[in-house]
$ cat input05.txt   # compact mmCIF, C-alpha atoms
# COMPACT_ATOMS: atom_id res chain seq x y z
CA MET I 198 -75.68 73.20 155.18
CA THR I 199 -71.94 72.73 155.22
CA PRO I 200 -70.74 74.17 158.51
CA VAL I 201 -67.15 75.31 158.17
CA PRO I 202 -64.89 73.19 160.43
CA ALA I 203 -63.35 75.19 163.27
CA LEU I 204 -59.82 74.53 162.08
CA LEU I 205 -60.55 75.87 158.60
CA ASP I 206 -62.29 78.87 160.07
CA GLU I 207 -59.44 79.71 162.43
CA ARG I 208 -56.89 79.21 159.67
CA PHE I 209 -58.59 81.77 157.47
CA ARG I 210 -58.93 84.26 160.30
CA ALA I 211 -55.23 83.93 161.14
CA ALA I 212 -54.22 84.21 157.47
CA ALA I 213 -56.35 87.32 157.00
CA ALA I 214 -54.58 89.05 159.87
CA ALA I 215 -51.14 87.80 158.85
CA ALA I 216 -51.69 89.13 155.33
CA GLY I 217 -52.32 92.59 156.78
CA LEU I 218 -55.73 92.76 155.13
CA LEU I 219 -57.75 93.81 158.17
CA ASP I 220 -58.83 97.28 159.18
CA LEU I 221 -59.55 95.97 162.66
CA ALA I 222 -59.13 92.55 164.25
CA TYR I 223 -61.11 91.80 167.37
CA ASP I 224 -61.65 89.01 169.81
CA VAL I 225 -63.82 88.48 172.85
CA LEU I 226 -62.00 87.68 176.10
CA ASP I 227 -64.63 85.54 177.71
CA GLU I 228 -63.31 85.03 181.18
CA THR I 229 -61.92 88.10 182.84
CA PRO I 230 -62.73 89.08 186.43
CA VAL I 231 -64.73 92.03 185.08
CA GLY I 232 -66.72 89.92 182.65
CA PRO I 233 -66.31 89.39 178.91
CA LEU I 234 -64.32 92.04 177.07
CA LEU I 235 -64.27 92.82 173.39
CA VAL I 236 -60.77 93.87 172.32
CA GLY I 237 -60.13 95.50 168.93
CA VAL I 238 -56.70 96.06 167.40
CA THR I 239 -55.63 97.88 164.22
CA GLU I 240 -52.24 98.05 162.56
CA HIS I 241 -51.58 101.14 164.69
CA GLY I 242 -52.37 99.54 168.01
CA LEU I 243 -55.10 98.87 170.50
CA ALA I 244 -58.22 100.71 169.38
CA ARG I 245 -61.06 99.35 171.45
CA ILE I 246 -61.89 97.64 174.70
CA SER I 247 -65.55 97.20 175.36
CA PHE I 248 -67.51 95.70 178.23
CA ASP I 249 -70.30 94.76 175.86
CA PRO I 250 -69.59 91.14 175.03
CA HIS I 251 -71.92 90.99 172.02
CA PRO I 252 -69.77 91.98 169.09
CA GLU I 253 -72.61 91.74 166.56
CA GLY I 254 -74.04 94.97 167.88
CA GLN I 255 -70.73 96.78 167.57
CA LEU I 256 -69.41 95.60 164.25
CA GLU I 257 -71.26 98.25 162.24
CA GLN I 258 -69.86 100.98 164.43
CA LEU I 259 -66.33 99.59 164.30
CA ALA I 260 -66.59 99.29 160.52
CA ARG I 261 -67.76 102.89 160.26
CA LEU I 262 -64.85 104.11 162.36
CA TYR I 263 -62.01 101.96 161.09
CA GLY I 264 -63.08 100.51 157.74
CA PRO I 265 -65.24 97.59 156.64
CA ARG I 266 -62.60 94.90 156.95
CA VAL I 267 -63.44 94.02 160.54
CA LEU I 268 -62.89 90.38 161.45
CA ARG I 269 -62.62 88.30 164.59
CA SER I 270 -59.08 86.99 164.75
CA ALA I 271 -57.38 85.81 167.92
CA ARG I 272 -53.72 86.26 167.14
CA PRO I 273 -53.52 90.04 166.70
CA VAL I 274 -55.14 90.40 170.11
CA ASP I 275 -52.68 88.06 171.87
CA ARG I 276 -50.45 90.71 173.32
CA VAL I 277 -53.32 92.75 174.75
CA ARG I 278 -54.82 89.56 176.11
CA ARG I 279 -51.58 88.69 177.86
CA GLU I 280 -51.08 92.13 179.39
CA LEU I 281 -54.66 92.25 180.61
CA ASP I 282 -54.31 88.80 182.17
CA GLU I 283 -51.19 89.94 183.99
CA TYR I 284 -52.94 93.09 185.15
CA PHE I 285 -55.93 91.18 186.48
CA GLU I 286 -53.59 88.82 188.32
CA GLY I 287 -51.89 91.79 189.97
CA ARG I 288 -48.62 91.14 188.14
CA ARG I 289 -48.71 94.23 185.90
CA ARG I 290 -49.01 97.88 186.86
CA GLU I 291 -48.44 99.52 183.51
CA PHE I 292 -49.46 98.56 180.04
CA ASP I 293 -46.87 98.50 177.33
CA LEU I 294 -49.15 98.79 174.31
CA GLU I 295 -49.39 101.04 171.27
CA LEU I 296 -52.76 102.78 171.16
CA ASP I 297 -54.78 103.77 168.12
CA LEU I 298 -56.76 106.86 169.13
CA ARG I 299 -57.12 108.24 165.59
CA VAL I 300 -60.88 108.42 165.74
CA ALA I 301 -61.04 110.35 169.02
CA PRO I 302 -61.64 114.10 168.70
CA GLU I 303 -58.71 116.32 169.55
CA PHE I 304 -59.98 117.40 172.99
CA HIS I 305 -60.59 113.75 173.87
CA ARG I 306 -57.07 112.83 172.86
CA ARG I 307 -55.65 115.60 175.01
CA VAL I 308 -57.61 114.46 178.04
CA LEU I 309 -56.79 110.80 177.42
CA GLU I 310 -53.11 111.67 177.18
CA GLU I 311 -53.28 113.25 180.64
CA LEU I 312 -55.28 110.29 181.91
CA SER I 313 -52.52 107.94 180.81
CA HIS I 314 -50.22 109.53 183.40
CA VAL I 315 -52.48 108.70 186.35
CA GLY I 316 -50.58 105.85 187.94
CA TYR I 317 -51.62 102.46 189.25
CA GLY I 318 -53.34 102.66 192.62
CA HIS I 319 -53.79 106.46 192.40
CA THR I 320 -56.91 108.44 191.72
CA THR I 321 -57.58 111.90 190.36
CA THR I 322 -60.70 114.01 189.82
CA TYR I 323 -62.54 115.14 186.72
CA GLY I 324 -61.70 118.75 187.57
CA ALA I 325 -57.99 118.04 188.05
CA LEU I 326 -57.84 116.22 184.74
CA ALA I 327 -59.64 119.10 183.03
CA ALA I 328 -57.05 121.51 184.40
CA LEU I 329 -54.18 119.32 183.23
CA ALA I 330 -55.72 119.20 179.76
CA GLY I 331 -55.75 123.00 179.71
CA SER I 332 -59.48 123.49 180.23
CA PRO I 333 -59.92 123.87 184.00
CA ARG I 334 -63.68 124.47 183.75
CA ALA I 335 -64.37 121.47 181.58
CA ALA I 336 -64.89 118.87 184.33
CA ARG I 337 -68.21 117.79 182.84
CA ALA I 338 -66.71 117.47 179.38
CA VAL I 339 -63.96 115.35 180.91
CA GLY I 340 -66.70 113.14 182.32
CA THR I 341 -67.96 112.64 178.78
CA VAL I 342 -64.47 111.82 177.56
CA MET I 343 -64.14 109.21 180.31
CA HIS I 344 -67.50 107.76 179.43
CA ARG I 345 -66.44 107.41 175.79
CA ASN I 346 -62.93 106.17 176.57
CA PRO I 347 -62.25 103.76 173.69
CA VAL I 348 -59.82 101.65 175.74
CA PRO I 349 -60.94 101.52 179.38
CA ILE I 350 -58.68 99.70 181.87
CA VAL I 351 -55.63 100.38 179.68
CA LEU I 352 -56.41 104.09 179.76
CA PRO I 353 -57.44 104.12 183.40
CA CYS I 354 -60.65 106.13 183.53
CA HIS I 355 -61.56 104.03 186.57
CA ARG I 356 -58.96 106.12 188.44
CA VAL I 357 -60.99 109.28 187.96
CA VAL I 358 -63.44 110.05 190.79
CA GLY I 359 -65.63 112.90 191.97
CA SER I 360 -64.11 115.82 193.89
CA ASP I 361 -65.73 114.46 197.10
CA GLY I 362 -64.08 111.10 196.54
CA SER I 363 -67.24 109.32 195.39
CA LEU I 364 -66.86 106.92 192.49
CA THR I 365 -69.42 108.93 190.48
CA GLY I 366 -69.81 106.82 187.34
CA TYR I 367 -68.21 104.37 184.95
CA GLY I 368 -68.97 103.35 181.39
CA GLY I 369 -68.67 99.73 182.42
CA GLY I 370 -70.78 100.14 185.56
CA LEU I 371 -69.78 101.18 189.09
CA ASP I 372 -69.24 97.59 190.22
CA ARG I 373 -66.41 97.22 187.78
CA LYS I 374 -64.89 100.56 188.71
CA GLU I 375 -64.91 99.54 192.34
CA TRP I 376 -63.42 96.14 191.54
CA LEU I 377 -60.58 97.71 189.53
CA LEU I 378 -59.77 100.27 192.24
CA ARG I 379 -59.81 97.55 194.85
CA LEU I 380 -57.47 95.41 192.73
CA GLU I 381 -55.05 98.32 192.61
CA GLY I 382 -55.39 98.97 196.32
CA ALA I 383 -56.75 102.48 195.71
CA ILE I 384 -59.72 101.69 197.91
CA LEU I 385 -60.05 99.13 200.65
CA MET O 27 -66.86 107.34 156.02
CA ALA O 28 -70.02 105.77 154.66
CA VAL O 29 -70.09 102.02 154.85
CA ALA O 30 -71.73 100.61 151.78
CA VAL O 31 -70.84 97.02 152.54
CA PRO O 32 -71.47 95.12 155.76
CA PRO O 33 -68.56 94.55 158.17
CA PHE O 34 -66.45 91.73 156.71
CA GLU O 35 -67.19 89.55 159.73
CA THR O 36 -70.90 89.71 158.91
CA PHE O 37 -70.27 88.99 155.24
CA TYR O 38 -67.95 86.09 156.07
CA ASP O 39 -70.28 84.64 158.66
CA THR O 40 -73.22 84.81 156.27
CA HIS O 41 -71.50 83.19 153.32
CA LYS O 42 -68.78 80.89 154.65
CA ASP O 43 -70.94 77.76 154.84
CA GLY O 44 -72.37 78.34 151.37
CA VAL O 45 -68.94 78.92 149.85
CA LEU O 46 -67.55 75.74 151.39
CA ARG O 47 -70.53 73.72 150.17
CA PHE O 48 -70.20 75.21 146.70
CA LEU O 49 -66.48 74.38 146.57
CA ARG O 50 -66.91 70.87 147.93
CA ASN O 51 -69.62 70.12 145.41
CA ARG O 52 -67.35 71.18 142.60
CA VAL O 53 -63.87 69.98 143.54
CA GLY O 54 -64.21 67.63 146.52
CA HIS O 55 -63.33 68.12 150.15
CA GLU O 56 -59.58 68.30 150.08
CA ARG O 57 -59.17 70.93 147.38
CA ALA O 58 -62.23 72.77 148.61
CA ASP O 59 -60.59 73.32 151.97
CA ASP O 60 -57.57 74.97 150.31
CA LEU O 61 -59.66 77.08 147.99
CA PHE O 62 -61.93 78.16 150.84
CA GLN O 63 -59.20 80.25 152.41
CA ASP O 64 -58.02 81.64 149.07
CA THR O 65 -61.57 82.63 148.18
CA PHE O 66 -62.09 84.69 151.30
CA LEU O 67 -58.60 86.18 151.20
CA ARG O 68 -59.31 87.41 147.67
CA ALA O 69 -62.68 88.69 148.79
CA LEU O 70 -60.99 90.51 151.65
CA GLY O 71 -58.43 92.01 149.30
CA ALA O 72 -61.14 93.37 147.04
CA TYR O 73 -63.63 94.25 149.76
CA GLU O 74 -62.67 97.88 150.17
CA ARG O 75 -63.27 98.56 146.51
CA LEU O 76 -66.83 97.22 146.54
CA GLU O 77 -69.24 100.03 146.02
CA HIS O 78 -72.32 98.40 147.44
CA GLY O 79 -73.34 95.37 149.44
CA GLU O 80 -75.69 93.80 146.92
CA HIS O 81 -75.27 90.38 145.35
CA LEU O 82 -72.43 89.54 147.69
CA ARG O 83 -73.23 85.86 147.48
CA ALA O 84 -72.93 85.83 143.72
CA TRP O 85 -69.80 87.93 144.03
CA VAL O 86 -68.00 85.60 146.42
CA LEU O 87 -69.05 82.49 144.50
CA THR O 88 -67.71 84.11 141.34
CA ILE O 89 -64.37 84.49 143.11
CA ALA O 90 -64.55 80.85 144.17
CA SER O 91 -65.39 79.79 140.60
CA ARG O 92 -62.49 81.76 139.21
CA LEU O 93 -60.10 80.06 141.63
CA ILE O 94 -61.40 76.65 140.59
CA VAL O 95 -60.89 77.50 136.93
CA ASP O 96 -57.44 79.00 137.52
CA GLU O 97 -56.36 75.92 139.39
CA ALA O 98 -57.73 73.58 136.74
CA ARG O 99 -55.90 75.57 134.07
CA ARG O 100 -52.63 75.30 135.93
CA GLU O 101 -53.03 71.58 136.30
CA GLN O 102 -54.11 70.90 132.74
CA PRO O 103 -52.31 73.34 130.49
CA GLN O 104 -53.00 71.14 127.48
CA VAL O 105 -56.68 72.03 127.57
CA GLN O 106 -57.31 74.81 125.09
CA LEU O 107 -60.07 77.19 125.99
CA PRO O 108 -62.01 78.49 123.02
CA THR O 109 -61.32 82.17 122.55
CA GLU O 110 -63.36 83.08 119.51
CA PRO O 111 -66.72 84.47 120.34
CA GLY O 112 -69.31 84.67 117.63
CA THR O 113 -70.78 81.28 116.95
CA GLU O 114 -73.59 79.90 119.05
CA ASP O 115 -71.34 77.42 120.85
CA ALA O 116 -68.30 79.55 121.38
CA ARG O 117 -67.43 80.34 124.96
CA PRO O 118 -65.73 83.71 125.15
CA ALA O 119 -62.72 83.84 127.42
CA PHE O 120 -63.42 85.14 130.91
CA GLU O 121 -61.44 88.30 130.39
CA GLU O 122 -63.58 89.29 127.44
CA LEU O 123 -66.82 88.64 129.21
CA GLY O 124 -66.18 91.17 131.94
CA PRO O 125 -66.38 94.38 129.92
CA LEU O 126 -68.84 92.83 127.48
CA THR O 127 -71.42 92.27 130.18
CA ASP O 128 -70.87 95.49 132.07
CA GLY O 129 -74.22 96.93 131.08
CA LEU O 130 -76.33 93.97 132.21
CA PRO O 131 -78.39 93.98 135.38
CA PRO O 132 -76.33 92.32 138.15
CA LYS O 133 -78.20 89.03 138.27
CA GLU O 134 -78.15 88.53 134.53
CA ARG O 135 -74.54 89.52 134.39
CA ALA O 136 -73.56 87.04 137.08
CA ALA O 137 -75.55 84.29 135.34
CA VAL O 138 -73.96 85.01 131.95
CA VAL O 139 -70.44 85.24 133.34
CA LEU O 140 -70.77 82.10 135.45
CA ARG O 141 -72.34 80.15 132.59
CA TYR O 142 -70.20 81.22 129.66
CA GLY O 143 -67.10 82.45 131.43
CA TYR O 144 -66.75 79.77 134.05
CA ASP O 145 -68.74 77.00 132.48
CA LEU O 146 -70.79 76.37 135.59
CA ASP O 147 -73.98 74.38 135.19
CA TYR O 148 -77.28 76.06 135.98
CA ASP O 149 -77.63 74.23 139.22
CA ALA O 150 -74.40 75.76 140.52
CA ILE O 151 -75.33 79.17 139.16
CA GLY O 152 -78.65 78.92 140.95
CA ASP O 153 -76.62 78.30 144.10
CA ALA O 154 -74.45 81.28 143.41
CA LEU O 155 -77.38 83.57 142.87
CA GLY O 156 -79.25 82.30 145.89
CA SER O 157 -82.08 81.04 143.70
CA ASN O 158 -82.53 77.85 141.70
CA GLU O 159 -81.65 76.16 138.45
CA GLN O 160 -84.62 77.47 136.54
CA ALA O 161 -84.14 81.06 137.65
CA ALA O 162 -80.46 80.82 136.72
CA ARG O 163 -81.34 79.53 133.25
CA GLN O 164 -83.79 82.37 132.77
CA ALA O 165 -81.34 85.01 134.00
CA ALA O 166 -78.62 83.74 131.66
CA SER O 167 -80.86 83.64 128.61
CA ALA O 168 -82.33 87.04 129.41
CA GLY O 169 -78.76 88.34 129.65
CA VAL O 170 -77.79 86.81 126.34
CA ARG O 171 -80.90 88.21 124.63
CA ARG O 172 -80.09 91.63 125.99
CA LEU O 173 -76.50 91.39 124.76
CA ARG O 174 -77.68 90.38 121.27
CA LYS O 175 -80.06 93.29 121.17
CA GLU O 176 -77.32 95.71 122.24
CA LYS O 177 -75.00 94.27 119.62
CA LYS O 178 -77.57 94.83 116.90
CA GLN O 179 -78.12 98.41 117.98
CA ARG O 180 -74.43 99.21 117.78
$ encode --input "input05.txt" --output "structure tokens"
Amino acid sequence: MTPVPALLDERFRAAAAAAGLLDLAYDVLDETPVGPLLVGVTEHGLARISFDPHPEGQLEQLARLYGPRVLRSARPVDRVRRELDEYFEGRRREFDLELDLRVAPEFHRRVLEELSHVGYGHTTTYGALAALAGSPRAARAVGTVMHRNPVPIVLPCHRVVGSDGSLTGYGGGLDRKEWLLRLEGAIL
Amino acid sequence: MAVAVPPFETFYDTHKDGVLRFLRNRVGHERADDLFQDTFLRALGAYERLEHGEHLRAWVLTIASRLIVDEARREQPQVQLPTEPGTEDARPAFEELGPLTDGLPPKERAAVVLRYGYDLDYDAIGDALGSNEQAARQAASAGVRRLRKEKKQR
């Protein structure tokens, strides 16, 4: 065996991204207050945030969606990493990131667009979001869109709650939803 | 979109150690480290055009071999590579071997190209094919026999 030295490995990963040869670059943010996050970025913007820290299981899916040239590479993810850090430290209320939602179906994109306007520290309901997206009776479908949100936290599906104010559900688990809402001061 | 090849990360992770070992065995540590990055950048550049995920090890080691040869050529332009195929000893130029060997089964093709195009020894070809020296020798000679037979039939 000839294990590749870390420096050589990192150099290639950086060069691959710099050369614009990747369909999707990802990295795992190991130490966030909500646990490890996988962050995936394409040339169009942020495409994926996932609470599942084991990228091996997701690579096939990412390759199917974005193309086979999926590689871990830290640098392309730097900006997202920085904005998330600031958010978690309470120093950022809005994200200033391009998003790549190409692979989301049209209804999902419409709902996610409305979701993006729900501000820091505020909450809305599935029904209200459905109405804003032009399908007032589609609260359940909106729930599905939230569950499949490709970029949670940045698109704040944690700010969407049941009509009785209960937290209802969260793709990343209710504990995380509660933590995020508490961070934003939306709940005490 | 159907994915015929594994995600590049998986491919890279599977083959990076083998590629580095292959390069170091052939050109030493310092040059190997430079060629390592070039090898995988080339692989990345061509990755989308791959139609299936078979023989990826042989494929990436072929890229590595080509880089070694290209570099050696640049450094020693006085070395003349034989370009006349036909006699038993002649080594056809790499460019001519590509189309010539198109019809061979992948393993035989890789063995023939690596042996006669890139002048690798059978030990290295065994490495490239994920087998051993003897299997590489057999694959190359089977490939050559097949090519002779096809030539006769034409």
$ atom_distance --input "input05.txt" --atom1 "CA of Tyr148 in chain O" --atom2 "CA of Gln160 in chain O"
7.5 Å
$ residues_near_point --input "input05.txt" --point "(-69.7, 88.6, 181.2)" --cutoff "12 Å" --atoms "all atoms listed in the file" --output "PyMOL selection string"
chain I and resi 225-235+247-251+369+373
$ closest_atom_pairs --input "input05.txt" --of "chain I" --to "chain O" --cutoff "6 Å" --atoms "only C-alpha atoms" --output "Markdown table"
| residue | atom | partner | partner_atom | distance |
| --- | --- | --- | --- | --- |
| I:Thr199 | CA | O:Asp43 | CA | 5.1 |
| I:Pro200 | CA | O:Asp43 | CA | 5.1 |
| I:Val201 | CA | O:Asp43 | CA | 5.6 |
| I:Phe209 | CA | O:Gln63 | CA | 5.3 |
| I:Ala260 | CA | O:Pro33 | CA | 5.6 |
| I:Arg261 | CA | O:Val29 | CA | 6.0 |
| I:Pro265 | CA | O:Pro33 | CA | 4.8 |
| I:Arg266 | CA | O:Phe34 | CA | 5.0 |
| I:Val267 | CA | O:Phe34 | CA | 5.4 |
| I:Leu268 | CA | O:Glu35 | CA | 4.7 |
$ write_last_selection --input "input05.txt" --atoms "C-alpha atoms" --output "short mmCIF file (atom, residue, chain, number, x, y, z; two decimals), keeping the file's coordinate frame"
data_model
loop_
_atom_site.label_atom_id
_atom_site.label_comp_id
_atom_site.auth_asym_id
_atom_site.auth_seq_id
_atom_site.Cartn_x
_atom_site.Cartn_y
_atom_site.Cartn_z
CA THR I 199 -71.94 72.73 155.22
CA PRO I 200 -70.74 74.17 158.51
CA VAL I 201 -67.15 75.31 158.17
CA PHE I 209 -58.59 81.77 157.47
CA ALA I 260 -66.59 99.29 160.52
CA ARG I 261 -67.76 102.89 160.26
CA PRO I 265 -65.24 97.59 156.64
CA ARG I 266 -62.60 94.90 156.95
CA VAL I 267 -63.44 94.02 160.54
CA LEU I 268 -62.89 90.38 161.45
#
$ residues_around --input "input05.txt" --residues "Ala150 in chain O" --least-positions-apart "4" --cutoff "10 Å" --atoms "all atoms listed in the file" --output "list in words"
Phe48, Asn51, Arg52, Leu87, Ser91, Leu140, Arg141, Asp145, Leu146, Ala154, Leu155, Gly156, Ser157, Asn158, Glu159 and Ala162 of chain O
$ residues_around --input "input05.txt" --residues "Gly324 in chain I" --least-positions-apart "2" --cutoff "12 Å" --atoms "only C-alpha atoms" --output "list in words"
Val308, Thr321, Thr322, Leu326, Ala327, Ala328, Leu329, Ala330, Gly331, Ser332, Pro333, Arg334, Ala335, Ala336, Arg337, Ala338, Val339, Gly340, Val357, Val358, Gly359, Ser360 and Asp361 of chain I
$ atom_distance --input "input05.txt" --atom1 "CA of His241 in chain I" --atom2 "CA of Arg356 in chain I"
25.4 Å
$ decode --input "input05.txt" --residues "range 29-114 of chain O" --atoms "C-alpha atoms" --output "mmCIF file, in the first residue's frame"
data_model
loop_
_atom_site.group_PDB
_atom_site.id
_atom_site.type_symbol
_atom_site.label_atom_id
_atom_site.label_comp_id
_atom_site.auth_asym_id
_atom_site.auth_seq_id
_atom_site.Cartn_x
_atom_site.Cartn_y
_atom_site.Cartn_z
ATOM 1 C CA VAL O 29 -24.920 6.924 -13.882
ATOM 2 C CA ALA O 30 -22.766 4.326 -15.535
ATOM 3 C CA VAL O 31 -19.643 5.193 -13.586
ATOM 4 C CA PRO O 32 -19.288 5.481 -9.820
ATOM 5 C CA PRO O 33 -19.158 8.963 -8.243
ATOM 6 C CA PHE O 34 -15.666 10.338 -8.863
ATOM 7 C CA GLU O 35 -14.987 10.442 -5.131
ATOM 8 C CA THR O 36 -15.494 6.677 -4.953
ATOM 9 C CA PHE O 37 -13.315 6.093 -7.995
ATOM 10 C CA TYR O 38 -10.584 8.377 -6.655
ATOM 11 C CA ASP O 39 -10.699 6.891 -3.193
ATOM 12 C CA THR O 40 -10.476 3.367 -4.577
ATOM 13 C CA HIS O 41 -7.551 3.986 -6.907
ATOM 14 C CA LYS O 42 -5.489 6.839 -5.479
ATOM 15 C CA ASP O 43 -3.129 4.667 -3.440
ATOM 16 C CA GLY O 44 -2.582 2.260 -6.330
ATOM 17 C CA VAL O 45 -1.890 5.077 -8.780
ATOM 18 C CA LEU O 46 0.650 6.683 -6.466
ATOM 19 C CA ARG O 47 2.399 3.360 -5.905
ATOM 20 C CA PHE O 48 2.444 2.684 -9.628
ATOM 21 C CA LEU O 49 3.928 6.122 -10.357
ATOM 22 C CA ARG O 50 6.504 5.920 -7.583
ATOM 23 C CA ASN O 51 7.655 2.521 -8.755
ATOM 24 C CA ARG O 52 8.192 3.870 -12.230
ATOM 25 C CA VAL O 53 9.551 7.389 -11.803
ATOM 26 C CA GLY O 54 10.470 7.851 -8.143
ATOM 27 C CA HIS O 55 8.792 9.845 -5.421
ATOM 28 C CA GLU O 56 9.344 13.393 -6.528
ATOM 29 C CA ARG O 57 8.080 13.099 -10.084
ATOM 30 C CA ALA O 58 5.381 10.692 -9.006
ATOM 31 C CA ASP O 59 3.891 13.326 -6.738
ATOM 32 C CA ASP O 60 3.586 15.768 -9.652
ATOM 33 C CA LEU O 61 2.193 13.190 -12.022
ATOM 34 C CA PHE O 62 -0.302 11.991 -9.421
ATOM 35 C CA GLN O 63 -2.295 15.197 -9.635
ATOM 36 C CA ASP O 64 -2.047 15.351 -13.432
ATOM 37 C CA THR O 65 -3.251 11.773 -13.706
ATOM 38 C CA PHE O 66 -6.413 12.373 -11.724
ATOM 39 C CA LEU O 67 -7.090 15.741 -13.346
ATOM 40 C CA ARG O 68 -6.969 14.043 -16.742
ATOM 41 C CA ALA O 69 -9.179 11.266 -15.447
ATOM 42 C CA LEU O 70 -11.614 13.870 -14.156
ATOM 43 C CA GLY O 71 -11.600 15.653 -17.493
ATOM 44 C CA ALA O 72 -12.457 12.460 -19.335
ATOM 45 C CA TYR O 73 -14.751 11.002 -16.694
ATOM 46 C CA GLU O 74 -18.018 12.250 -18.119
ATOM 47 C CA ARG O 75 -17.338 10.584 -21.428
ATOM 48 C CA LEU O 76 -16.791 7.140 -19.926
ATOM 49 C CA GLU O 77 -19.570 4.855 -20.934
ATOM 50 C CA HIS O 78 -19.204 2.286 -18.216
ATOM 51 C CA GLY O 79 -17.424 1.752 -14.941
ATOM 52 C CA GLU O 80 -15.457 -1.347 -15.858
ATOM 53 C CA HIS O 81 -11.687 -1.640 -15.888
ATOM 54 C CA LEU O 82 -11.312 1.728 -14.234
ATOM 55 C CA ARG O 83 -8.049 0.682 -12.656
ATOM 56 C CA ALA O 84 -6.515 -0.203 -15.992
ATOM 57 C CA TRP O 85 -7.964 2.990 -17.417
ATOM 58 C CA VAL O 86 -6.441 5.303 -14.825
ATOM 59 C CA LEU O 87 -3.086 3.522 -14.907
ATOM 60 C CA THR O 88 -3.092 3.905 -18.685
ATOM 61 C CA ILE O 89 -3.505 7.643 -18.172
ATOM 62 C CA ALA O 90 -0.648 7.595 -15.664
ATOM 63 C CA SER O 91 1.530 5.617 -18.103
ATOM 64 C CA ARG O 92 0.812 8.053 -20.894
ATOM 65 C CA LEU O 93 1.860 10.972 -18.696
ATOM 66 C CA ILE O 94 5.107 9.208 -17.825
ATOM 67 C CA VAL O 95 5.833 8.609 -21.497
ATOM 68 C CA ASP O 96 4.882 12.153 -22.509
ATOM 69 C CA GLU O 97 7.146 13.570 -19.865
ATOM 70 C CA ALA O 98 10.036 11.308 -20.819
ATOM 71 C CA ARG O 99 9.598 12.336 -24.452
ATOM 72 C CA ARG O 100 9.724 16.003 -23.574
ATOM 73 C CA GLU O 101 12.872 15.516 -21.581
ATOM 74 C CA GLN O 102 14.664 13.336 -24.105
ATOM 75 C CA PRO O 103 13.650 14.495 -27.560
ATOM 76 C CA GLN O 104 16.669 12.768 -29.068
ATOM 77 C CA VAL O 105 15.160 9.365 -28.409
ATOM 78 C CA GLN O 106 13.482 8.156 -31.572
ATOM 79 C CA LEU O 107 10.472 5.965 -31.084
ATOM 80 C CA PRO O 108 10.084 3.280 -33.712
ATOM 81 C CA THR O 109 7.065 4.008 -35.843
ATOM 82 C CA GLU O 110 7.035 1.174 -38.342
ATOM 83 C CA PRO O 111 4.842 -1.673 -37.341
ATOM 84 C CA GLY O 112 5.229 -4.958 -39.114
ATOM 85 C CA THR O 113 8.291 -6.765 -37.890
ATOM 86 C CA GLU O 114 8.215 -8.855 -34.761
#
